[in-house]
file final.pdb (PDB, C-alpha atoms)
ATOM      1  CA  MET A 253     -15.049  -7.147  54.154
ATOM      2  CA  ASN A 254     -17.784  -9.513  53.428
ATOM      3  CA  PHE A 255     -17.957 -10.532  49.787
ATOM      4  CA  THR A 256     -20.798 -12.501  48.433
ATOM      5  CA  ARG A 257     -20.229 -15.406  46.101
ATOM      6  CA  LYS A 258     -21.714 -13.451  43.215
ATOM      7  CA  HIS A 259     -19.302 -10.560  43.705
ATOM      8  CA  MET A 260     -16.309 -12.925  43.886
ATOM      9  CA  HIS A 261     -17.449 -14.677  40.705
ATOM     10  CA  GLU A 262     -17.692 -11.324  38.866
ATOM     11  CA  ARG A 263     -14.159 -10.357  39.936
ATOM     12  CA  SER A 264     -12.869 -13.771  38.885
ATOM     13  CA  SER A 265     -14.526 -13.445  35.454
ATOM     14  CA  ARG A 266     -13.034  -9.994  34.903
ATOM     15  CA  GLY A 267      -9.607 -11.321  35.834
ATOM     16  CA  MET A 268      -9.927 -14.219  33.394
ATOM     17  CA  ALA A 269     -10.977 -11.834  30.611
ATOM     18  CA  THR A 270      -7.921  -9.686  31.309
ATOM     19  CA  VAL A 271      -5.594 -12.702  31.163
ATOM     20  CA  GLU A 272      -7.192 -13.916  27.926
ATOM     21  CA  THR A 273      -6.793 -10.442  26.416
ATOM     22  CA  VAL A 274      -3.134 -10.310  27.431
ATOM     23  CA  ILE A 275      -2.551 -13.663  25.724
ATOM     24  CA  VAL A 276      -4.631 -13.124  22.570
ATOM     25  CA  LEU A 277      -3.992  -9.429  21.807
ATOM     26  CA  PRO A 278      -0.287  -9.802  20.874
ATOM     27  CA  LEU A 279      -1.149 -12.688  18.570
ATOM     28  CA  LEU A 280      -3.879 -10.679  16.864
ATOM     29  CA  LEU A 281      -1.569  -7.661  16.503
ATOM     30  CA  MET A 282       1.157  -9.855  14.957
ATOM     31  CA  LEU A 283      -1.367 -11.317  12.544
ATOM     32  CA  LEU A 284      -2.613  -7.846  11.613
ATOM     33  CA  TYR A 285       0.932  -6.564  11.132
ATOM     34  CA  GLY A 286       1.740  -9.597   8.950
ATOM     35  CA  VAL A 287      -1.284  -8.951   6.745
ATOM     36  CA  ILE A 288      -0.308  -5.295   6.370
ATOM     37  CA  GLU A 289       3.331  -6.146   5.535
ATOM     38  CA  MET A 290       2.331  -8.740   2.926
ATOM     39  CA  SER A 291      -0.098  -6.237   1.417
ATOM     40  CA  LEU A 292       2.754  -3.757   1.096
ATOM     41  CA  VAL A 293       4.959  -6.403  -0.536
ATOM     42  CA  PHE A 294       2.205  -7.173  -3.036
ATOM     43  CA  ALA A 295       1.634  -3.467  -3.743
ATOM     44  CA  ARG A 296       5.366  -2.911  -4.338
ATOM     45  CA  TRP A 297       5.564  -5.940  -6.616
ATOM     46  CA  GLN A 298       2.546  -4.683  -8.585
ATOM     47  CA  ALA A 299       4.121  -1.223  -8.908
ATOM     48  CA  LEU A 300       7.400  -2.774 -10.106
ATOM     49  CA  SER A 301       5.535  -4.846 -12.683
ATOM     50  CA  ASN A 302       3.767  -1.735 -13.939
ATOM     51  CA  ALA A 303       7.049   0.205 -14.039
ATOM     52  CA  ALA A 304       8.714  -2.582 -16.033
ATOM     53  CA  ARG A 305       5.762  -2.605 -18.452
ATOM     54  CA  GLU A 306       6.023   1.174 -18.898
ATOM     55  CA  GLY A 307       9.762   0.831 -19.503
ATOM     56  CA  ALA A 308       9.293  -1.953 -22.039
ATOM     57  CA  ARG A 309       6.629   0.071 -23.828
ATOM     58  CA  THR A 310       9.050   3.006 -24.013
ATOM     59  CA  ALA A 311      11.661   0.684 -25.538
ATOM     60  CA  ILE A 312       9.503  -0.872 -28.252
ATOM     61  CA  VAL A 313       7.812   2.138 -29.797
ATOM     62  CA  PHE A 314       8.645   2.729 -33.417
ATOM     63  CA  ARG A 315      11.535   5.110 -33.945
ATOM     64  CA  SER A 316      13.895   5.762 -36.814
ATOM     65  CA  ASN A 317      17.686   5.697 -36.352
ATOM     66  CA  CYS A 318      17.442   3.846 -33.064
ATOM     67  CA  ASP A 319      20.354   4.394 -30.678
ATOM     68  CA  THR A 320      20.597   1.729 -27.975
ATOM     69  CA  ALA A 321      22.122   4.009 -25.319
ATOM     70  CA  THR A 322      19.479   6.689 -25.857
ATOM     71  CA  VAL A 323      16.614   4.195 -25.697
ATOM     72  CA  GLU A 324      17.991   2.537 -22.563
ATOM     73  CA  ALA A 325      18.381   5.932 -20.893
ATOM     74  CA  ALA A 326      14.755   6.759 -21.765
ATOM     75  CA  VAL A 327      13.599   3.402 -20.369
ATOM     76  CA  ARG A 328      15.490   3.929 -17.115
ATOM     77  CA  GLN A 329      14.100   7.439 -16.780
ATOM     78  CA  ARG A 330      10.546   6.214 -17.403
ATOM     79  CA  ILE A 331      10.939   3.551 -14.694
ATOM     80  CA  ARG A 332      12.342   6.056 -12.189
ATOM     81  CA  ASP A 333       9.536   8.510 -13.026
ATOM     82  CA  TYR A 334       6.976   5.765 -12.353
ATOM     83  CA  THR A 335       8.458   4.442  -9.093
ATOM     84  CA  GLN A 336       9.655   7.654  -7.417
ATOM     85  CA  PRO A 337       6.196   9.028  -6.463
ATOM     86  CA  LEU A 338       5.389   5.616  -4.971
ATOM     87  CA  GLY A 339       8.396   5.781  -2.655
ATOM     88  CA  ILE A 340      10.295   2.965  -4.332
ATOM     89  CA  PRO A 341      13.970   3.891  -4.688
ATOM     90  CA  ILE A 342      15.257   2.417  -7.951
ATOM     91  CA  THR A 343      18.723   3.116  -9.309
ATOM     92  CA  ASP A 344      19.914   2.675 -12.883
ATOM     93  CA  ASP A 345      22.256  -0.192 -12.027
ATOM     94  CA  HIS A 346      19.319  -2.288 -10.786
ATOM     95  CA  ILE A 347      17.357  -2.063 -14.033
ATOM     96  CA  THR A 348      18.055  -4.756 -16.640
ATOM     97  CA  ILE A 349      17.163  -4.013 -20.277
ATOM     98  CA  GLN A 350      17.698  -6.412 -23.162
ATOM     99  CA  GLY A 351      16.796  -6.331 -26.845
ATOM    100  CA  VAL A 352      16.268  -2.638 -27.610
ATOM    101  CA  CYS A 353      16.516  -1.409 -31.210
ATOM    102  CA  GLY A 354      15.581  -4.756 -32.678
ATOM    103  CA  THR A 355      13.547  -5.452 -35.775
ATOM    104  CA  SER A 356       9.892  -6.333 -36.057
ATOM    105  CA  ASN A 357      10.501 -10.058 -36.585
ATOM    106  CA  THR A 358       8.987 -12.414 -34.020
ATOM    107  CA  ASN A 359      12.327 -13.186 -32.371
ATOM    108  CA  SER A 360      13.053  -9.569 -31.467
ATOM    109  CA  ARG A 361      11.811  -8.847 -27.991
ATOM    110  CA  VAL A 362      12.566  -6.281 -25.339
ATOM    111  CA  THR A 363      12.837  -7.515 -21.764
ATOM    112  CA  VAL A 364      12.883  -5.134 -18.820
ATOM    113  CA  SER A 365      13.435  -6.305 -15.221
ATOM    114  CA  VAL A 366      13.290  -4.159 -12.097
ATOM    115  CA  PRO A 367      14.365  -5.903  -8.861
ATOM    116  CA  TYR A 368      13.622  -4.561  -5.387
ATOM    117  CA  GLN A 369      14.331  -5.730  -1.851
ATOM    118  CA  PHE A 370      11.436  -5.152   0.525
ATOM    119  CA  ARG A 371      12.544  -4.885   4.152
ATOM    120  CA  VAL A 372      10.107  -6.494   6.561
ATOM    121  CA  LEU A 373       9.885  -4.957  10.039
ATOM    122  CA  ALA A 374      11.955  -1.984   8.908
ATOM    123  CA  ALA A 375      10.021   0.377  11.171
ATOM    124  CA  PHE A 376      10.288  -1.749  14.318
ATOM    125  CA  ALA A 377      13.564  -3.669  14.113
ATOM    126  CA  PRO A 378      15.850  -2.398  11.345
ATOM    127  CA  SER A 379      18.797  -4.513  12.487
ATOM    128  CA  LEU A 380      16.692  -7.698  12.420
ATOM    129  CA  SER A 381      14.792  -6.787   9.286
ATOM    130  CA  PRO A 382      14.661  -9.657   6.769
ATOM    131  CA  THR A 383      14.215  -8.849   3.091
ATOM    132  CA  ILE A 384      11.830 -10.177   0.495
ATOM    133  CA  ASN A 385      13.193 -10.016  -3.046
ATOM    134  CA  THR A 386      10.634  -8.991  -5.637
ATOM    135  CA  THR A 387      11.094  -8.370  -9.343
ATOM    136  CA  GLY A 388       8.838  -6.631 -11.800
ATOM    137  CA  SER A 389       9.464  -7.724 -15.365
ATOM    138  CA  SER A 390       7.942  -7.273 -18.766
ATOM    139  CA  GLU A 391       8.637  -8.636 -22.222
ATOM    140  CA  MET A 392       7.276  -7.063 -25.397
ATOM    141  CA  ARG A 393       7.814  -7.580 -29.099
ATOM    142  CA  ASN A 394       9.707  -4.816 -30.910
ATOM    143  CA  GLU A 395       7.616  -2.751 -33.315
ATOM    144  CA  GLY A 396      10.653  -2.358 -35.507
ATOM    145  CA  THR A 397      13.020   0.313 -36.742
ATOM    146  CA  SER A 398      13.678   1.786 -40.106
TER     147      SER A 398
END

call {"tool": "encode", "arguments": {"input": "final.pdb", "output": "structure tokens"}}
result
Amino acid sequence: MNFTRKHMHERSSRGMATVETVIVLPLLLMLLYGVIEMSLVFARWQALSNAAREGARTAIVFRSNCDTATVEAAVRQRIRDYTQPLGIPITDDHITIQGVCGTSNTNSRVTVSVPYQFRVLAAFAPSLSPTINTTGSSEMRNEGTS
């Protein structure tokens, strides 16, 4: 076979491009995967914040003959109703509620916190999957009871 210099140069260039692709592609894929994972963490945190706000709003609405257990059950249900369609599994023992059935003075506030552990790499390496702890929380002033 008699190769010309031009032909050898073209083969050499294609080989270099292949090597560069093999080196750069995994780095770009890791970067892309990292951006997607952090976007999911942010979306989950935003959903938890919204769920906590909905729960706090449920807790502060004006009601007569306020019963703490009933209000807390309604708050927990509202949070579960908000997070379930989004694929965020929240159980009652994770939800923290403080200050329900208070009065309308400025010191009476309801605080709702909803923690969640986001597992990074859960689809690819479940046994090596680190977690990122996120918490959605909301604090609102009681409207009062009568």

call {"tool": "closest_residue", "arguments": {"input": "final.pdb", "among": "A:Val372, A:Met392, A:Leu283, A:Val366", "to": "Arg332 (chain A)", "atoms": "only C-alpha atoms"}}
result
A:Val366

call {"tool": "axis_aligned_box", "arguments": {"input": "final.pdb", "around": "region 377-391 of chain A", "padding_each_side": "6 Å", "output": "AutoDock Vina command-line options"}}
result
--center_x 13.4 --center_y -6.3 --center_z -4.1 --size_x 22.9 --size_y 19.8 --size_z 48.3

call {"tool": "residues_around", "arguments": {"input": "final.pdb", "residues": "region 301-314 of chain A", "least_positions_apart": "5", "cutoff": "9 Å", "atoms": "only C-alpha atoms", "output": "number ranges by chain"}}
result
A: 296, 323-324, 326-335, 347, 349, 351-354, 361-366, 387-398

call {"tool": "atom_distance", "arguments": {"input": "final.pdb", "atom1": "CA of Asn385 (chain A)", "atom2": "CA of Gln369 (chain A)"}}
result
4.6 Å

call {"tool": "closest_residue", "arguments": {"input": "final.pdb", "among": "A:Met268, A:Met282, A:Ala321, A:Val274", "to": "Gln350 (chain A)", "atoms": "only C-alpha atoms"}}
result
A:Ala321

call {"tool": "closest_residue", "arguments": {"input": "final.pdb", "among": "A:Ala299, A:Ala269, A:Leu292, A:Ile275", "to": "Leu373 (chain A)", "atoms": "all atoms listed in the file"}}
result
A:Leu292

call {"tool": "atom_distance", "arguments": {"input": "final.pdb", "atom1": "CA of Gly339 (chain A)", "atom2": "CA of Leu380 (chain A)"}}
result
21.9 Å

call {"tool": "atom_distance", "arguments": {"input": "final.pdb", "atom1": "CA of Phe370 (chain A)", "atom2": "CA of Val293 (chain A)"}}
result
6.7 Å

call {"tool": "residues_around", "arguments": {"input": "final.pdb", "residues": "Arg371 (chain A)", "least_positions_apart": "5", "cutoff": "12 Å", "atoms": "all atoms listed in the file", "output": "list of chain:residue names"}}
result
A:Glu289, A:Met290, A:Leu292, A:Val293, A:Arg296, A:Ile340, A:Phe376, A:Ala377, A:Pro378, A:Ser379, A:Leu380, A:Ser381, A:Pro382, A:Thr383, A:Ile384, A:Asn385, A:Thr386

call {"tool": "closest_residue", "arguments": {"input": "final.pdb", "among": "A:Ala295, A:Val276, A:Val287, A:Leu300", "to": "Ile342 (chain A)", "atoms": "all atoms listed in the file"}}
result
A:Leu300

call {"tool": "closest_residue", "arguments": {"input": "final.pdb", "among": "A:Asp319, A:Pro367, A:Gly267, A:Ser360", "to": "Asp344 (chain A)", "atoms": "all atoms listed in the file"}}
result
A:Pro367
